[in-house]
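Have a look at the structure below before the remarks.
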Amino acid sequence: MRIGILNSGGDCPGLNAVIHGVVGAADQLGWEVIGFRDGFEGLLPPGDYTILKPKDTIGILKMGGTILGTTNKGHFGAKIGKGDIAEVPQDIVDKAKRTMDQLGISALIIVGGDGSLTTALQLYGQGWPVIGVPKTIDNDLSATAMTFGFDSAVTTVVDGLDRLHTTAESHKRVMVLEVMGRHAGWIALWGGIAGGANAILLPEIPFSLEKVAECIKQRDAQGHHSSLIVVAEGAKMPEGDIVTVHPNEGGEVRLGGIGEQVALQLAKLTGKDTRSCTLGHLQRGGAPTALDRILGMRFGVMAVKLAKEGAFGRMVSYQAYHVDSVPIQEAVNKLRLVDPAGELVQAAKAVGISLGDE
């Protein structure tokens with residue numbers, strides 16, 4: 001049996017761990033693995049691919065990025081907004097299917113986020129033998145309790161906050177750290193709590209900068225003359241606006257800049273020296289944490305298991321410490337957002353962290 005694997009969408013720590021798991025599990029069954037380069041684009045004639053053997057995955061478990069490359073642009077369905085996916089043109093699907101047939105691919109493992117899995121669902125609806133593996137550092141897919149890459153992104157945020165603590169204290173400054181999180185604030189919330197932030201601003205919770213400024217002033221009155229603020233890139237300013245850089249051609253608008261806006265407003269409201277810092281793609285790069293290496297590998301192994309069972313149209317899922325699967329149909333376009341009344345938010349508030357809504 002010959003199976004294929006591709007990575008689609010943004011890169012993410014742990015992608016190579018998935019490839020490692022797929023190739024290792026397939027080799028145990030005597031199967032051959034074809035890795036398509038640069039996502040779905042590798043399926044277009046004449047096909048851009050490589051045969052992956054266990055020797056090719058030695059040492060990749062600890063590597064960030066993906067040895068197959070990936071893209072969130074090209075001929076296949078681009079995500080153009082929340083819950084709004086462009087359908088792949090039929091002539092493109094037909095060309096890709098010819099490559100699949102010529103190579104004798106019996107199962108195609110698609111590692112991607114909401115947009116890529118929606119494309120996978122379209123292909124499955126046309127009879128493609130597809131299996132999905134969820135990938136998003138935002139950890140915002142409702143059909144899985146955790147996605148690989150999230151822990152690595154949170155660890156990067158914590159490291160950034162640890163470093164900002166010392167410079168903020170030295171200059172008695174307010175430091176604003178902008179982190180990833182388009183619709184969901186999980187990275188900001190987890191990273192902010194673990195990194196000792198004093199305020200965390202999320203897309204799910206409308207906030208008042210006056211409330212954040214009050215928190216900073218109270219800290220000053222208590223003798224704490226520096227403060228750290230974490231803000232998710234998708235958090236809306238009090239006026240209800242999302243700060244964007246510019247639209248991506250054929251895709252979602254690029255977010256960025258809310259950290260600077262928050263810093264400017266807080267400087268006016270508090271009179272304190274305030275600076276901003278944006279982590280950006282630092283959260284996507286670098287070696288995955290031990291948790292993400294293991295989770296990615298387990299996802300890859302489960303994908304091969306599903307292929308062996310002929311369980312196509314399903315996505316690997318992690319629930320209650322166990323890796324299993326759910327129908328892709330149940331996984332796409334259903335985001336898992338931070339619950340403003342949830343236990344984690346309440347725990348943050350209980351230790352004095354401001355969410356800007358008090």
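Convention: chains lettered A, B, ... in structure tokens order; per-chain residue numbering from 1; ligands numbered from 1 as shown.
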
#### Entry: All residues 6 Å or closer to Gly257 in chain A, only C-alpha atoms, same chain fewer than 2 positions away omitted, as a ChimeraX atom specification
/A:243,259-260

Okay, now the selection with C-alpha atoms, as an mmCIF file, in the first residue's frame?
```cif
data_model
loop_
_atom_site.group_PDB
_atom_site.id
_atom_site.type_symbol
_atom_site.label_atom_id
_atom_site.label_comp_id
_atom_site.auth_asym_id
_atom_site.auth_seq_id
_atom_site.Cartn_x
_atom_site.Cartn_y
_atom_site.Cartn_z
ATOM 1 C CA VAL A 243 -6.215 46.173 13.995
ATOM 2 C CA GLY A 259 -0.031 45.985 20.861
ATOM 3 C CA GLU A 260 1.248 49.374 19.724
#
```

With a distance cut-off of 8 Å and only C-alpha atoms, select the neighbouring residues of Val316 in chain A, excluding the residue or stretch itself and same-chain residues fewer than 4 positions from it, and output the selection as a PDB file with N, CA and C atoms, in the first residue's frame.
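Printed below is out_29.pdb as written:
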```pdb
ATOM      1  N   ILE A 131      -7.637  11.578   5.190  1.00  0.00           N
ATOM      2  CA  ILE A 131      -7.624  11.552   6.656  1.00  0.00           C
ATOM      3  C   ILE A 131      -7.029  12.879   7.118  1.00  0.00           C
ATOM      4  N   GLY A 132      -7.671  13.525   8.067  1.00  0.00           N
ATOM      5  CA  GLY A 132      -7.216  14.824   8.542  1.00  0.00           C
ATOM      6  C   GLY A 132      -6.430  14.739   9.834  1.00  0.00           C
ATOM      7  N   VAL A 133      -5.432  15.599   9.945  1.00  0.00           N
ATOM      8  CA  VAL A 133      -4.681  15.780  11.184  1.00  0.00           C
ATOM      9  C   VAL A 133      -4.728  17.265  11.526  1.00  0.00           C
ATOM     10  N   PRO A 134      -5.308  17.650  12.673  1.00  0.00           N
ATOM     11  CA  PRO A 134      -5.478  19.069  12.994  1.00  0.00           C
ATOM     12  C   PRO A 134      -4.161  19.749  13.343  1.00  0.00           C
ATOM     13  N   PHE A 299      -0.327  11.708  16.760  1.00  0.00           N
ATOM     14  CA  PHE A 299      -1.286  12.045  15.707  1.00  0.00           C
ATOM     15  C   PHE A 299      -0.926  11.324  14.403  1.00  0.00           C
ATOM     16  N   MET A 302      -1.787   7.604  14.668  1.00  0.00           N
ATOM     17  CA  MET A 302      -3.228   7.394  14.581  1.00  0.00           C
ATOM     18  C   MET A 302      -3.726   7.566  13.149  1.00  0.00           C
ATOM     19  N   ALA A 303      -3.147   8.515  12.398  1.00  0.00           N
ATOM     20  CA  ALA A 303      -3.554   8.713  11.009  1.00  0.00           C
ATOM     21  C   ALA A 303      -3.313   7.451  10.183  1.00  0.00           C
ATOM     22  N   VAL A 323      -5.817   9.682  22.149  1.00  0.00           N
ATOM     23  CA  VAL A 323      -5.871  10.060  20.740  1.00  0.00           C
ATOM     24  C   VAL A 323      -6.834   9.127  20.010  1.00  0.00           C
ATOM     25  N   ASP A 324      -7.839   9.704  19.378  1.00  0.00           N
ATOM     26  CA  ASP A 324      -8.839   8.935  18.644  1.00  0.00           C
ATOM     27  C   ASP A 324      -9.173   9.706  17.372  1.00  0.00           C
ATOM     28  N   SER A 325     -10.420   9.682  16.922  1.00  0.00           N
ATOM     29  CA  SER A 325     -10.772  10.421  15.716  1.00  0.00           C
ATOM     30  C   SER A 325     -12.238  10.835  15.740  1.00  0.00           C
ATOM     31  N   VAL A 326     -12.546  11.835  14.906  1.00  0.00           N
ATOM     32  CA  VAL A 326     -13.922  12.323  14.733  1.00  0.00           C
ATOM     33  C   VAL A 326     -14.127  12.566  13.244  1.00  0.00           C
TER      34      VAL A 326
END
```

### Query
DSSP says helix (DSSP H, G or I) for which residues of range 84-300 of chain A? Put them as a VMD selection string?
chain A and resid 90 to 103 114 to 125 150 to 171 186 to 194 209 to 221 258 to 270 280 to 283 290 to 300

### Spatial neighbours of Gly30 in chain A, 12 Å, only C-alpha atoms, chain gap at least 2 places, as a PyMOL selection string
chain A and resi 1-3+23-28+32-33+53-54+304+308

Would you mind exporting the chosen residues as a short mmCIF file (atom, residue, chain, number, x, y, z; two decimals), in the first residue's frame, restricted to C-alpha atoms?
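This is the output file result-v2.cif:
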```cif
data_model
loop_
_atom_site.label_atom_id
_atom_site.label_comp_id
_atom_site.auth_asym_id
_atom_site.auth_seq_id
_atom_site.Cartn_x
_atom_site.Cartn_y
_atom_site.Cartn_z
CA MET A 1 0.00 0.00 0.00
CA ARG A 2 1.18 3.51 -0.80
CA ILE A 3 -0.07 6.51 1.20
CA VAL A 23 6.55 7.16 8.23
CA GLY A 24 7.45 4.99 11.22
CA ALA A 25 3.98 3.46 11.58
CA ALA A 26 3.63 2.92 7.82
CA ASP A 27 7.01 1.21 7.63
CA GLN A 28 5.91 -1.27 10.30
CA GLU A 32 5.39 3.25 1.23
CA VAL A 33 4.91 6.95 2.09
CA LYS A 53 11.66 6.22 4.34
CA PRO A 54 12.48 5.88 8.06
CA VAL A 304 -1.89 5.54 9.70
CA LYS A 308 -5.36 0.79 7.76
#
```

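Nearest residue to Thr71 in chain A, choosing from A:Asn7, A:Ser170, A:Ser226, A:Gln122 and counting only C-alpha atoms: A:Asn7.
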
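Each of A:Val338, A:Val230, A:Ala199, A:Met297 was compared to Ile216 in chain A using only C-alpha atoms, and A:Ala199 turns out to be the nearest.
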
### Query
Neighbours of range 98-113 of chain A within 9 Å (only C-alpha atoms; same-chain residues fewer than 5 positions away dropped), as an NGL selection string?
:A and (1-10 or 15 or 18 or 22 or 33-34 or 39-40 or 43-47 or 93 or 118 or 120 or 128-136 or 141 or 300 or 303-304 or 307 or 310 or 312 or 332)

### Contact residues around range 62-66 of chain A with only C-alpha atoms at 12 Å, ignoring same-chain residues under 6 positions, as an NGL selection string
:A and (5-20 or 35-39 or 111 or 148-149 or 152-153 or 281-294 or 296-297)

### Those in range 130-201 of chain A with strand (DSSP E) from DSSP, as JSON, numbers by chain
{"A": [130, 131, 132, 133, 134, 174, 175, 176, 177, 178, 179, 199, 200, 201]}

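Note that CA of Gly356 in chain A and CA of Ser208 in chain A are 5.3 Å apart.
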
### Surrounding residues of Gln261 in chain A excluding itself and chain neighbours under 4 positions, 12 Å, only C-alpha atoms, as a ChimeraX atom specification
/A:176-178,209,231,233,235-239,241-244,256-257,265-268,274-278

How would the residues just chosen look if you wrote them out with C-alpha atoms as a PDB file, in the first residue's frame?
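To be explicit, this is the file written out as part17.pdb:
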```
ATOM      1  CA  VAL A 176       2.743  45.384  26.167  1.00  0.00           C
ATOM      2  CA  LEU A 177       3.342  42.038  24.451  1.00  0.00           C
ATOM      3  CA  GLU A 178       1.274  41.214  21.344  1.00  0.00           C
ATOM      4  CA  LEU A 209      -8.356  50.384  28.606  1.00  0.00           C
ATOM      5  CA  VAL A 231      -2.825  41.182  24.115  1.00  0.00           C
ATOM      6  CA  GLU A 233      -3.636  40.012  17.887  1.00  0.00           C
ATOM      7  CA  ALA A 235      -8.532  41.365  20.388  1.00  0.00           C
ATOM      8  CA  LYS A 236     -10.805  44.245  19.462  1.00  0.00           C
ATOM      9  CA  MET A 237     -10.051  47.788  20.541  1.00  0.00           C
ATOM     10  CA  PRO A 238     -12.748  49.371  22.753  1.00  0.00           C
ATOM     11  CA  GLU A 239     -14.188  50.988  19.627  1.00  0.00           C
ATOM     12  CA  ASP A 241     -12.149  47.463  15.697  1.00  0.00           C
ATOM     13  CA  ILE A 242      -9.626  44.741  14.866  1.00  0.00           C
ATOM     14  CA  VAL A 243      -6.215  46.173  13.995  1.00  0.00           C
ATOM     15  CA  THR A 244      -5.020  44.912  10.608  1.00  0.00           C
ATOM     16  CA  GLY A 256      -1.040  43.098  13.760  1.00  0.00           C
ATOM     17  CA  GLY A 257      -0.521  46.375  15.532  1.00  0.00           C
ATOM     18  CA  GLN A 265      -3.452  54.577  24.910  1.00  0.00           C
ATOM     19  CA  LEU A 266      -2.122  53.251  28.221  1.00  0.00           C
ATOM     20  CA  ALA A 267       0.723  55.784  28.135  1.00  0.00           C
ATOM     21  CA  LYS A 268      -1.860  58.582  27.879  1.00  0.00           C
ATOM     22  CA  THR A 274       5.050  52.386  27.927  1.00  0.00           C
ATOM     23  CA  ARG A 275       6.544  50.182  25.210  1.00  0.00           C
ATOM     24  CA  SER A 276       5.198  47.403  22.994  1.00  0.00           C
ATOM     25  CA  CYS A 277       6.715  44.250  21.582  1.00  0.00           C
ATOM     26  CA  THR A 278       5.289  41.809  19.022  1.00  0.00           C
TER      27      THR A 278
END
```

### Task
Go through A:Ile353, A:Ile187, A:Ala331, A:Glu343 and flag the residue nearest Leu228 in chain A, using only C-alpha atoms for the distances.
A:Ile353

### Summary
Computed gap from CA of Thr70 in chain A to CA of Met180 in chain A is 19.1 Å

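Going from CA of Thr144 in chain A to CA of Thr119 in chain A covers 18.5 Å.
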